[in-house]
2 protein chains.
Amino acid sequence: MIEEKKISMAVIRRLPRYFRYLSDLIKLDIKRISSKELSERMHITASQIRQDLNCFGGFGQQGYGYNVEYLYDEISKILGTNKRFSCIIVGAGNMGNALANYENFSKRGFDIVGIFDVNKEKIGTMINNIKVMHMDTLPEFVKAQRVDIAMLTVPNNKVNEVATQVTDLGIKGIWNFSPTDLRLGDDIIVENVHLSDSLMVLGYRLKESREGKNQK
Amino acid sequence: MIEEKKISMAVIRRLPRYFRYLSDLIKLDIKRISSKELSERMHITASQIRQDLNCFGGFGQQGYGYNVEYLYDEISKILGTNKRFSCIIVGAGNMGNALANYENFSKRGFDIVGIFDVNKEKIGTMINNIKVMHMDTLPEFVKAQRVDIAMLTVPNNKVNEVATQVTDLGIKGIWNFSPTDLRLGDDIIVENVHLSDSLMVLGYRLKESREGKNQK
DNA sequence: TAGATTGTTAATCGATTAACAATC
DNA sequence: TAGATTGTTAATCGATTAACAATC
């Protein structure tokens, strides 16, 4: 009850972008930046940057701007990149494979500790040094070690069942790759990656652009 | 110059959702639906549904609601699912592989006609019946057959170069999987899939939820 | 100090929701 | 016809942008 401010999703979804741009600035060896300069790089307004950052605290200094390294560290803390999240992948198909091989996740604090599938031929194999196990062994696995996030790359007709299964086991975070809007308990955090939605929007915009009425 | 209404991105991004829900209704053999019933299924307001649909036309009937099949067909037309888009994948890594194997895309009108990479060992192999070719052969390929969309699954430090390359060849649509905000010409449509952004937002929300200040 | 730039309040803009007349 | 539900206008809400006093 020290402080209670509600951060809007719009702001939250911009945080990783700030994080990326600041990380780039560090690579470029830039030490300080004003909201105006940053706004030009990011193609958003300086006002928005200052508003966004001030949801979390005053990280700048009048007349100077922001210290890049300091701001980067603060945003890292806000995003929780210092924390580690233990993740499992459910579904060892092509997308599950791709995720298991994505090296950047562990760099950001997301450790993949197990892969689960029902296909007998896959059980026991290794993907990027992570063991593929049978779904039946999931309960004992989750009992034996904490799992924060389940990444679901299962067929669409299985995703509701699997989501219920993993949340019943106490997993609170779902990264869902199925074209289904999961509806789970209030204490479950779901992030959806609807690839085909994204592709359809691309198709729509492309079609509209061709027809000349190019909307922002 | 017949009609000129600007559709907001917020509305456009909801179209694939309507499409999915209507497709489910058809499977359930439901013939008609009111905005109120649909709003309960989709967890959005009936007002929003009616506003959204009326951006494109009056598809309903007072006192009756919407004919499911008709509305589905209309939204399909709006989204352009009847059109076919010719696509290439650049980057035959894990994500490129996953995309090439994703059967749903062709169902939605997106045909993958070629995969390009620079890795000599991959050239000449087939992924899901699609030939992997060398990047050097991309110009002649694009000259020989129309390509609408380039799906970019290349390393982050290569994505700007590759994006320039493909847009110089006349490709107008980019589906970008790198954690980089591509900035290209006004006539180029870019859809980003920032997986690590999405995962970081999940991590943030999970952390906040644990600390009790669970924001919507 | 003077100039620059923040933090923050106020104004604007756009998107969502409510209301209701039109009409099937 | 009476009841239901749309299409659409008006009201509200929230997010973005502008402005500026505070201050480094």
# chains A, B, ... in the order shown; residues from 1 in each chain; ligands from 1
$ residues_around --residues "Asp187 (chain B)" --least-positions-apart "3" --cutoff "12 Å" --atoms "only C-alpha atoms (C1' of nucleotides)" --output "list in words"
Arg205, Leu206, Lys207, Glu208, Ser209, Arg210, Glu211, Gly212, Lys213, Asn214, Gln215 and Lys216 of chain A; Thr167, Asp168, Gly170, Ile171, Lys172, Gly173, Ile174, Arg183, Leu184 and Val190 of chain B
$ interface_residues --of "chain B" --to "chain A" --cutoff "6 Å" --atoms "only C-alpha atoms" --output "VMD selection string"
chain B and resid 16 79 94 to 95 98 191 197 202 204
$ interface_residues --of "chain D" --to "chain A" --cutoff "12 Å" --atoms "only C-alpha atoms (C1' of nucleotides)" --output "PDB file with all heavy atoms, in the first residue's frame"
ATOM      1  P    DG D  14     -11.596   4.824 -18.189  1.00  0.00           P
ATOM      2  OP1  DG D  14     -11.565   3.440 -17.678  1.00  0.00           O
ATOM      3  OP2  DG D  14     -11.479   5.989 -17.280  1.00  0.00           O
ATOM      4  O5'  DG D  14     -10.464   4.965 -19.292  1.00  0.00           O
ATOM      5  C5'  DG D  14     -10.499   4.161 -20.459  1.00  0.00           C
ATOM      6  C4'  DG D  14      -9.415   4.661 -21.391  1.00  0.00           C
ATOM      7  O4'  DG D  14      -9.789   5.946 -21.940  1.00  0.00           O
ATOM      8  C3'  DG D  14      -8.061   4.883 -20.710  1.00  0.00           C
ATOM      9  O3'  DG D  14      -7.095   4.509 -21.673  1.00  0.00           O
ATOM     10  C2'  DG D  14      -8.045   6.384 -20.464  1.00  0.00           C
ATOM     11  C1'  DG D  14      -8.694   6.834 -21.760  1.00  0.00           C
ATOM     12  N9   DG D  14      -9.203   8.194 -21.820  1.00  0.00           N
ATOM     13  C8   DG D  14      -9.832   8.932 -20.848  1.00  0.00           C
ATOM     14  N7   DG D  14     -10.168  10.133 -21.255  1.00  0.00           N
ATOM     15  C5   DG D  14      -9.732  10.181 -22.575  1.00  0.00           C
ATOM     16  C6   DG D  14      -9.813  11.222 -23.539  1.00  0.00           C
ATOM     17  O6   DG D  14     -10.305  12.348 -23.423  1.00  0.00           O
ATOM     18  N1   DG D  14      -9.240  10.844 -24.754  1.00  0.00           N
ATOM     19  C2   DG D  14      -8.680   9.618 -25.007  1.00  0.00           C
ATOM     20  N2   DG D  14      -8.178   9.414 -26.223  1.00  0.00           N
ATOM     21  N3   DG D  14      -8.597   8.633 -24.112  1.00  0.00           N
ATOM     22  C4   DG D  14      -9.141   8.992 -22.931  1.00  0.00           C
ATOM     23  P    DA D  15      -5.631   4.084 -21.321  1.00  0.00           P
ATOM     24  OP1  DA D  15      -5.649   2.681 -20.885  1.00  0.00           O
ATOM     25  OP2  DA D  15      -5.071   5.134 -20.436  1.00  0.00           O
ATOM     26  O5'  DA D  15      -4.866   4.178 -22.711  1.00  0.00           O
ATOM     27  C5'  DA D  15      -5.588   4.377 -23.909  1.00  0.00           C
ATOM     28  C4'  DA D  15      -4.946   5.489 -24.715  1.00  0.00           C
ATOM     29  O4'  DA D  15      -5.587   6.747 -24.405  1.00  0.00           O
ATOM     30  C3'  DA D  15      -3.457   5.693 -24.468  1.00  0.00           C
ATOM     31  O3'  DA D  15      -2.865   5.931 -25.719  1.00  0.00           O
ATOM     32  C2'  DA D  15      -3.423   6.928 -23.573  1.00  0.00           C
ATOM     33  C1'  DA D  15      -4.573   7.721 -24.192  1.00  0.00           C
ATOM     34  N9   DA D  15      -5.151   8.772 -23.366  1.00  0.00           N
ATOM     35  C8   DA D  15      -5.477   8.720 -22.031  1.00  0.00           C
ATOM     36  N7   DA D  15      -6.008   9.843 -21.584  1.00  0.00           N
ATOM     37  C5   DA D  15      -6.034  10.669 -22.699  1.00  0.00           C
ATOM     38  C6   DA D  15      -6.482  11.989 -22.891  1.00  0.00           C
ATOM     39  N6   DA D  15      -7.006  12.730 -21.918  1.00  0.00           N
ATOM     40  N1   DA D  15      -6.358  12.514 -24.121  1.00  0.00           N
ATOM     41  C2   DA D  15      -5.828  11.773 -25.095  1.00  0.00           C
ATOM     42  N3   DA D  15      -5.383  10.519 -25.047  1.00  0.00           N
ATOM     43  C4   DA D  15      -5.512  10.024 -23.806  1.00  0.00           C
ATOM     44  P    DT D  16      -1.292   5.876 -25.963  1.00  0.00           P
ATOM     45  OP1  DT D  16      -1.044   4.728 -26.842  1.00  0.00           O
ATOM     46  OP2  DT D  16      -0.576   6.032 -24.666  1.00  0.00           O
ATOM     47  O5'  DT D  16      -1.037   7.200 -26.802  1.00  0.00           O
ATOM     48  C5'  DT D  16      -1.971   7.610 -27.783  1.00  0.00           C
ATOM     49  C4'  DT D  16      -1.879   9.107 -27.945  1.00  0.00           C
ATOM     50  O4'  DT D  16      -2.472   9.771 -26.808  1.00  0.00           O
ATOM     51  C3'  DT D  16      -0.458   9.648 -28.060  1.00  0.00           C
ATOM     52  O3'  DT D  16      -0.396  10.341 -29.293  1.00  0.00           O
ATOM     53  C2'  DT D  16      -0.305  10.560 -26.835  1.00  0.00           C
ATOM     54  C1'  DT D  16      -1.745  10.961 -26.555  1.00  0.00           C
ATOM     55  N1   DT D  16      -2.104  11.375 -25.171  1.00  0.00           N
ATOM     56  C2   DT D  16      -2.700  12.611 -24.980  1.00  0.00           C
ATOM     57  O2   DT D  16      -2.923  13.392 -25.897  1.00  0.00           O
ATOM     58  N3   DT D  16      -3.028  12.896 -23.675  1.00  0.00           N
ATOM     59  C4   DT D  16      -2.825  12.098 -22.567  1.00  0.00           C
ATOM     60  O4   DT D  16      -3.168  12.477 -21.454  1.00  0.00           O
ATOM     61  C5   DT D  16      -2.205  10.821 -22.824  1.00  0.00           C
ATOM     62  C7   DT D  16      -1.942   9.871 -21.694  1.00  0.00           C
ATOM     63  C6   DT D  16      -1.878  10.522 -24.097  1.00  0.00           C
ATOM     64  P    DT D  17       0.940  11.038 -29.838  1.00  0.00           P
ATOM     65  OP1  DT D  17       0.904  10.971 -31.308  1.00  0.00           O
ATOM     66  OP2  DT D  17       2.089  10.516 -29.072  1.00  0.00           O
ATOM     67  O5'  DT D  17       0.698  12.553 -29.399  1.00  0.00           O
ATOM     68  C5'  DT D  17      -0.427  13.245 -29.902  1.00  0.00           C
ATOM     69  C4'  DT D  17      -0.456  14.624 -29.311  1.00  0.00           C
ATOM     70  O4'  DT D  17      -0.755  14.539 -27.896  1.00  0.00           O
ATOM     71  C3'  DT D  17       0.864  15.387 -29.431  1.00  0.00           C
ATOM     72  O3'  DT D  17       0.556  16.597 -30.103  1.00  0.00           O
ATOM     73  C2'  DT D  17       1.337  15.563 -27.977  1.00  0.00           C
ATOM     74  C1'  DT D  17       0.030  15.480 -27.197  1.00  0.00           C
ATOM     75  N1   DT D  17       0.088  14.983 -25.804  1.00  0.00           N
ATOM     76  C2   DT D  17      -0.551  15.715 -24.821  1.00  0.00           C
ATOM     77  O2   DT D  17      -1.133  16.752 -25.033  1.00  0.00           O
ATOM     78  N3   DT D  17      -0.473  15.154 -23.558  1.00  0.00           N
ATOM     79  C4   DT D  17       0.154  13.985 -23.194  1.00  0.00           C
ATOM     80  O4   DT D  17       0.145  13.603 -22.028  1.00  0.00           O
ATOM     81  C5   DT D  17       0.797  13.272 -24.271  1.00  0.00           C
ATOM     82  C7   DT D  17       1.509  11.986 -23.975  1.00  0.00           C
ATOM     83  C6   DT D  17       0.738  13.792 -25.509  1.00  0.00           C
ATOM     84  P    DA D  18       1.653  17.755 -30.331  1.00  0.00           P
ATOM     85  OP1  DA D  18       1.336  18.368 -31.640  1.00  0.00           O
ATOM     86  OP2  DA D  18       2.989  17.194 -30.056  1.00  0.00           O
ATOM     87  O5'  DA D  18       1.292  18.803 -29.191  1.00  0.00           O
ATOM     88  C5'  DA D  18      -0.064  19.142 -28.978  1.00  0.00           C
ATOM     89  C4'  DA D  18      -0.153  20.236 -27.941  1.00  0.00           C
ATOM     90  O4'  DA D  18      -0.090  19.656 -26.614  1.00  0.00           O
ATOM     91  C3'  DA D  18       0.974  21.268 -27.998  1.00  0.00           C
ATOM     92  O3'  DA D  18       0.366  22.519 -27.733  1.00  0.00           O
ATOM     93  C2'  DA D  18       1.937  20.814 -26.904  1.00  0.00           C
ATOM     94  C1'  DA D  18       0.971  20.239 -25.869  1.00  0.00           C
ATOM     95  N9   DA D  18       1.468  19.164 -25.025  1.00  0.00           N
ATOM     96  C8   DA D  18       2.195  18.062 -25.396  1.00  0.00           C
ATOM     97  N7   DA D  18       2.469  17.243 -24.403  1.00  0.00           N
ATOM     98  C5   DA D  18       1.880  17.848 -23.308  1.00  0.00           C
ATOM     99  C6   DA D  18       1.808  17.480 -21.952  1.00  0.00           C
ATOM    100  N6   DA D  18       2.353  16.360 -21.453  1.00  0.00           N
ATOM    101  N1   DA D  18       1.153  18.305 -21.106  1.00  0.00           N
ATOM    102  C2   DA D  18       0.596  19.417 -21.603  1.00  0.00           C
ATOM    103  N3   DA D  18       0.591  19.868 -22.869  1.00  0.00           N
ATOM    104  C4   DA D  18       1.263  19.025 -23.671  1.00  0.00           C
ATOM    105  P    DA D  19       1.237  23.885 -27.674  1.00  0.00           P
ATOM    106  OP1  DA D  19       0.380  24.951 -28.211  1.00  0.00           O
ATOM    107  OP2  DA D  19       2.585  23.625 -28.217  1.00  0.00           O
ATOM    108  O5'  DA D  19       1.376  24.125 -26.101  1.00  0.00           O
ATOM    109  C5'  DA D  19       0.218  24.072 -25.276  1.00  0.00           C
ATOM    110  C4'  DA D  19       0.608  24.429 -23.844  1.00  0.00           C
ATOM    111  O4'  DA D  19       1.158  23.249 -23.194  1.00  0.00           O
ATOM    112  C3'  DA D  19       1.688  25.507 -23.732  1.00  0.00           C
ATOM    113  O3'  DA D  19       1.363  26.325 -22.626  1.00  0.00           O
ATOM    114  C2'  DA D  19       2.965  24.714 -23.507  1.00  0.00           C
ATOM    115  C1'  DA D  19       2.440  23.549 -22.677  1.00  0.00           C
ATOM    116  N9   DA D  19       3.217  22.315 -22.744  1.00  0.00           N
ATOM    117  C8   DA D  19       3.902  21.791 -23.816  1.00  0.00           C
ATOM    118  N7   DA D  19       4.487  20.643 -23.574  1.00  0.00           N
ATOM    119  C5   DA D  19       4.167  20.382 -22.247  1.00  0.00           C
ATOM    120  C6   DA D  19       4.485  19.305 -21.383  1.00  0.00           C
ATOM    121  N6   DA D  19       5.220  18.257 -21.747  1.00  0.00           N
ATOM    122  N1   DA D  19       3.993  19.366 -20.116  1.00  0.00           N
ATOM    123  C2   DA D  19       3.245  20.419 -19.760  1.00  0.00           C
ATOM    124  N3   DA D  19       2.885  21.481 -20.482  1.00  0.00           N
ATOM    125  C4   DA D  19       3.382  21.398 -21.721  1.00  0.00           C
ATOM    126  P    DA D  22       6.852  27.006 -10.678  1.00  0.00           P
ATOM    127  OP1  DA D  22       6.196  26.833  -9.353  1.00  0.00           O
ATOM    128  OP2  DA D  22       7.607  28.232 -10.999  1.00  0.00           O
ATOM    129  O5'  DA D  22       7.802  25.753 -10.900  1.00  0.00           O
ATOM    130  C5'  DA D  22       7.380  24.458 -10.485  1.00  0.00           C
ATOM    131  C4'  DA D  22       8.560  23.514 -10.571  1.00  0.00           C
ATOM    132  O4'  DA D  22       9.069  23.516 -11.931  1.00  0.00           O
ATOM    133  C3'  DA D  22       9.744  23.908  -9.681  1.00  0.00           C
ATOM    134  O3'  DA D  22      10.243  22.720  -9.059  1.00  0.00           O
ATOM    135  C2'  DA D  22      10.740  24.534 -10.651  1.00  0.00           C
ATOM    136  C1'  DA D  22      10.462  23.749 -11.930  1.00  0.00           C
ATOM    137  N9   DA D  22      10.758  24.454 -13.168  1.00  0.00           N
ATOM    138  C8   DA D  22      10.438  25.742 -13.496  1.00  0.00           C
ATOM    139  N7   DA D  22      10.820  26.094 -14.721  1.00  0.00           N
ATOM    140  C5   DA D  22      11.430  24.952 -15.209  1.00  0.00           C
ATOM    141  C6   DA D  22      12.051  24.669 -16.450  1.00  0.00           C
ATOM    142  N6   DA D  22      12.143  25.553 -17.446  1.00  0.00           N
ATOM    143  N1   DA D  22      12.564  23.437 -16.626  1.00  0.00           N
ATOM    144  C2   DA D  22      12.457  22.546 -15.625  1.00  0.00           C
ATOM    145  N3   DA D  22      11.900  22.693 -14.416  1.00  0.00           N
ATOM    146  C4   DA D  22      11.402  23.927 -14.276  1.00  0.00           C
ATOM    147  P    DT D  23      11.501  22.691  -8.144  1.00  0.00           P
ATOM    148  OP1  DT D  23      11.418  21.495  -7.307  1.00  0.00           O
ATOM    149  OP2  DT D  23      11.634  24.059  -7.569  1.00  0.00           O
ATOM    150  O5'  DT D  23      12.680  22.510  -9.185  1.00  0.00           O
ATOM    151  C5'  DT D  23      13.022  21.225  -9.673  1.00  0.00           C
ATOM    152  C4'  DT D  23      14.285  21.376 -10.505  1.00  0.00           C
ATOM    153  O4'  DT D  23      14.027  22.233 -11.645  1.00  0.00           O
ATOM    154  C3'  DT D  23      15.447  22.037  -9.744  1.00  0.00           C
ATOM    155  O3'  DT D  23      16.624  21.315  -9.988  1.00  0.00           O
ATOM    156  C2'  DT D  23      15.539  23.399 -10.387  1.00  0.00           C
ATOM    157  C1'  DT D  23      15.184  22.998 -11.821  1.00  0.00           C
ATOM    158  N1   DT D  23      14.922  24.100 -12.768  1.00  0.00           N
ATOM    159  C2   DT D  23      15.366  23.954 -14.052  1.00  0.00           C
ATOM    160  O2   DT D  23      15.939  22.957 -14.461  1.00  0.00           O
ATOM    161  N3   DT D  23      15.118  25.026 -14.877  1.00  0.00           N
ATOM    162  C4   DT D  23      14.474  26.201 -14.523  1.00  0.00           C
ATOM    163  O4   DT D  23      14.311  27.085 -15.355  1.00  0.00           O
ATOM    164  C5   DT D  23      14.036  26.288 -13.151  1.00  0.00           C
ATOM    165  C7   DT D  23      13.336  27.512 -12.681  1.00  0.00           C
ATOM    166  C6   DT D  23      14.285  25.247 -12.350  1.00  0.00           C
ATOM    167  P    DC D  24      17.111  20.206  -8.926  1.00  0.00           P
ATOM    168  OP1  DC D  24      16.047  19.206  -8.727  1.00  0.00           O
ATOM    169  OP2  DC D  24      17.659  20.976  -7.774  1.00  0.00           O
ATOM    170  O5'  DC D  24      18.327  19.496  -9.677  1.00  0.00           O
ATOM    171  C5'  DC D  24      18.053  18.738 -10.859  1.00  0.00           C
ATOM    172  C4'  DC D  24      18.959  19.175 -11.987  1.00  0.00           C
ATOM    173  O4'  DC D  24      18.463  20.383 -12.568  1.00  0.00           O
ATOM    174  C3'  DC D  24      20.395  19.465 -11.562  1.00  0.00           C
ATOM    175  O3'  DC D  24      21.220  18.370 -11.941  1.00  0.00           O
ATOM    176  C2'  DC D  24      20.766  20.766 -12.290  1.00  0.00           C
ATOM    177  C1'  DC D  24      19.556  21.059 -13.165  1.00  0.00           C
ATOM    178  N1   DC D  24      19.190  22.505 -13.262  1.00  0.00           N
ATOM    179  C2   DC D  24      19.153  23.117 -14.515  1.00  0.00           C
ATOM    180  O2   DC D  24      19.458  22.476 -15.520  1.00  0.00           O
ATOM    181  N3   DC D  24      18.797  24.434 -14.601  1.00  0.00           N
ATOM    182  C4   DC D  24      18.480  25.102 -13.490  1.00  0.00           C
ATOM    183  N4   DC D  24      18.123  26.389 -13.624  1.00  0.00           N
ATOM    184  C5   DC D  24      18.499  24.498 -12.200  1.00  0.00           C
ATOM    185  C6   DC D  24      18.853  23.202 -12.122  1.00  0.00           C
TER     186       DC D  24
END
$ atom_distance --atom1 "CA of Ser86 (chain B)" --atom2 "CA of Val147 (chain B)"
5.0 Å
$ select_by_dssp --residues "chain B" --states "helix (DSSP H, G or I)" --output "JSON, numbers by chain"
{"B": [9, 10, 11, 12, 13, 14, 15, 16, 17, 18, 19, 20, 21, 22, 23, 24, 25, 26, 27, 35, 36, 37, 38, 39, 40, 41, 42, 46, 47, 48, 49, 50, 51, 52, 53, 54, 68, 69, 70, 71, 72, 73, 74, 75, 76, 77, 78, 79, 94, 95, 96, 97, 98, 99, 100, 104, 105, 106, 107, 135, 136, 137, 138, 139, 140, 141, 142, 143, 144, 156, 157, 158, 159, 160, 161, 162, 163, 164, 165, 166, 167, 168, 195, 196, 197, 198, 199, 200, 201, 202, 203, 204, 205, 206, 207, 208, 209, 210]}
$ decode --residues "region 96-106 of chain A" --atoms "all heavy atoms" --output "PDB file, in the first residue's frame"
ATOM      1  N   GLY A  96       7.462 -25.528 -31.471  1.00  0.00           N
ATOM      2  CA  GLY A  96       8.115 -25.881 -30.214  1.00  0.00           C
ATOM      3  C   GLY A  96       9.622 -26.008 -30.392  1.00  0.00           C
ATOM      4  O   GLY A  96      10.409 -25.513 -29.579  1.00  0.00           O
ATOM      5  N   ASN A  97      10.018 -26.627 -31.489  1.00  0.00           N
ATOM      6  CA  ASN A  97      11.430 -26.734 -31.834  1.00  0.00           C
ATOM      7  C   ASN A  97      12.081 -25.372 -31.981  1.00  0.00           C
ATOM      8  O   ASN A  97      13.164 -25.122 -31.449  1.00  0.00           O
ATOM      9  CB  ASN A  97      11.566 -27.474 -33.160  1.00  0.00           C
ATOM     10  CG  ASN A  97      12.153 -28.847 -32.980  1.00  0.00           C
ATOM     11  OD1 ASN A  97      13.356 -29.006 -32.954  1.00  0.00           O
ATOM     12  ND2 ASN A  97      11.273 -29.829 -32.781  1.00  0.00           N
ATOM     13  N   ALA A  98      11.415 -24.502 -32.714  1.00  0.00           N
ATOM     14  CA  ALA A  98      11.967 -23.166 -32.946  1.00  0.00           C
ATOM     15  C   ALA A  98      12.173 -22.446 -31.612  1.00  0.00           C
ATOM     16  O   ALA A  98      13.227 -21.857 -31.369  1.00  0.00           O
ATOM     17  CB  ALA A  98      11.050 -22.369 -33.866  1.00  0.00           C
ATOM     18  N   LEU A  99      11.180 -22.519 -30.745  1.00  0.00           N
ATOM     19  CA  LEU A  99      11.295 -21.845 -29.452  1.00  0.00           C
ATOM     20  C   LEU A  99      12.431 -22.436 -28.622  1.00  0.00           C
ATOM     21  O   LEU A  99      13.204 -21.720 -27.991  1.00  0.00           O
ATOM     22  CB  LEU A  99       9.978 -21.948 -28.666  1.00  0.00           C
ATOM     23  CG  LEU A  99       8.768 -21.242 -29.278  1.00  0.00           C
ATOM     24  CD1 LEU A  99       7.566 -21.391 -28.364  1.00  0.00           C
ATOM     25  CD2 LEU A  99       9.052 -19.766 -29.550  1.00  0.00           C
ATOM     26  N   ALA A 100      12.519 -23.783 -28.634  1.00  0.00           N
ATOM     27  CA  ALA A 100      13.555 -24.446 -27.840  1.00  0.00           C
ATOM     28  C   ALA A 100      14.951 -24.048 -28.306  1.00  0.00           C
ATOM     29  O   ALA A 100      15.899 -24.021 -27.518  1.00  0.00           O
ATOM     30  CB  ALA A 100      13.395 -25.961 -27.922  1.00  0.00           C
ATOM     31  N   ASN A 101      15.060 -23.704 -29.570  1.00  0.00           N
ATOM     32  CA  ASN A 101      16.373 -23.354 -30.122  1.00  0.00           C
ATOM     33  C   ASN A 101      16.684 -21.863 -30.087  1.00  0.00           C
ATOM     34  O   ASN A 101      17.767 -21.441 -30.473  1.00  0.00           O
ATOM     35  CB  ASN A 101      16.470 -23.849 -31.571  1.00  0.00           C
ATOM     36  CG  ASN A 101      16.750 -25.335 -31.638  1.00  0.00           C
ATOM     37  OD1 ASN A 101      17.847 -25.781 -31.306  1.00  0.00           O
ATOM     38  ND2 ASN A 101      15.752 -26.112 -32.028  1.00  0.00           N
ATOM     39  N   TYR A 102      15.721 -21.094 -29.623  1.00  0.00           N
ATOM     40  CA  TYR A 102      15.904 -19.641 -29.600  1.00  0.00           C
ATOM     41  C   TYR A 102      16.804 -19.254 -28.432  1.00  0.00           C
ATOM     42  O   TYR A 102      16.395 -19.290 -27.272  1.00  0.00           O
ATOM     43  CB  TYR A 102      14.537 -18.975 -29.475  1.00  0.00           C
ATOM     44  CG  TYR A 102      14.468 -17.588 -30.071  1.00  0.00           C
ATOM     45  CD1 TYR A 102      14.424 -17.403 -31.440  1.00  0.00           C
ATOM     46  CD2 TYR A 102      14.439 -16.464 -29.259  1.00  0.00           C
ATOM     47  CE1 TYR A 102      14.369 -16.139 -32.000  1.00  0.00           C
ATOM     48  CE2 TYR A 102      14.378 -15.193 -29.808  1.00  0.00           C
ATOM     49  CZ  TYR A 102      14.344 -15.045 -31.171  1.00  0.00           C
ATOM     50  OH  TYR A 102      14.300 -13.782 -31.713  1.00  0.00           O
ATOM     51  N   GLU A 103      18.040 -18.895 -28.710  1.00  0.00           N
ATOM     52  CA  GLU A 103      19.031 -18.681 -27.650  1.00  0.00           C
ATOM     53  C   GLU A 103      18.747 -17.420 -26.821  1.00  0.00           C
ATOM     54  O   GLU A 103      19.126 -17.324 -25.661  1.00  0.00           O
ATOM     55  CB  GLU A 103      20.443 -18.588 -28.254  1.00  0.00           C
ATOM     56  CG  GLU A 103      20.850 -19.761 -29.136  1.00  0.00           C
ATOM     57  CD  GLU A 103      20.901 -21.090 -28.377  1.00  0.00           C
ATOM     58  OE1 GLU A 103      20.974 -21.064 -27.138  1.00  0.00           O
ATOM     59  OE2 GLU A 103      20.829 -22.144 -29.040  1.00  0.00           O
ATOM     60  N   ASN A 104      18.068 -16.459 -27.421  1.00  0.00           N
ATOM     61  CA  ASN A 104      17.875 -15.175 -26.744  1.00  0.00           C
ATOM     62  C   ASN A 104      17.042 -15.257 -25.465  1.00  0.00           C
ATOM     63  O   ASN A 104      17.178 -14.414 -24.587  1.00  0.00           O
ATOM     64  CB  ASN A 104      17.220 -14.177 -27.694  1.00  0.00           C
ATOM     65  CG  ASN A 104      18.271 -13.368 -28.434  1.00  0.00           C
ATOM     66  OD1 ASN A 104      19.464 -13.647 -28.307  1.00  0.00           O
ATOM     67  ND2 ASN A 104      17.842 -12.376 -29.184  1.00  0.00           N
ATOM     68  N   PHE A 105      16.167 -16.263 -25.385  1.00  0.00           N
ATOM     69  CA  PHE A 105      15.263 -16.311 -24.245  1.00  0.00           C
ATOM     70  C   PHE A 105      16.017 -16.438 -22.920  1.00  0.00           C
ATOM     71  O   PHE A 105      15.723 -15.727 -21.964  1.00  0.00           O
ATOM     72  CB  PHE A 105      14.257 -17.459 -24.395  1.00  0.00           C
ATOM     73  CG  PHE A 105      13.315 -17.286 -25.545  1.00  0.00           C
ATOM     74  CD1 PHE A 105      12.675 -18.373 -26.127  1.00  0.00           C
ATOM     75  CD2 PHE A 105      13.032 -16.013 -26.054  1.00  0.00           C
ATOM     76  CE1 PHE A 105      11.795 -18.209 -27.185  1.00  0.00           C
ATOM     77  CE2 PHE A 105      12.147 -15.845 -27.115  1.00  0.00           C
ATOM     78  CZ  PHE A 105      11.539 -16.944 -27.689  1.00  0.00           C
ATOM     79  N   SER A 106      17.003 -17.334 -22.893  1.00  0.00           N
ATOM     80  CA  SER A 106      17.717 -17.525 -21.621  1.00  0.00           C
ATOM     81  C   SER A 106      18.514 -16.260 -21.282  1.00  0.00           C
ATOM     82  O   SER A 106      18.681 -15.922 -20.115  1.00  0.00           O
ATOM     83  CB  SER A 106      18.614 -18.751 -21.694  1.00  0.00           C
ATOM     84  OG  SER A 106      19.837 -18.431 -22.293  1.00  0.00           O
TER      85      SER A 106
END
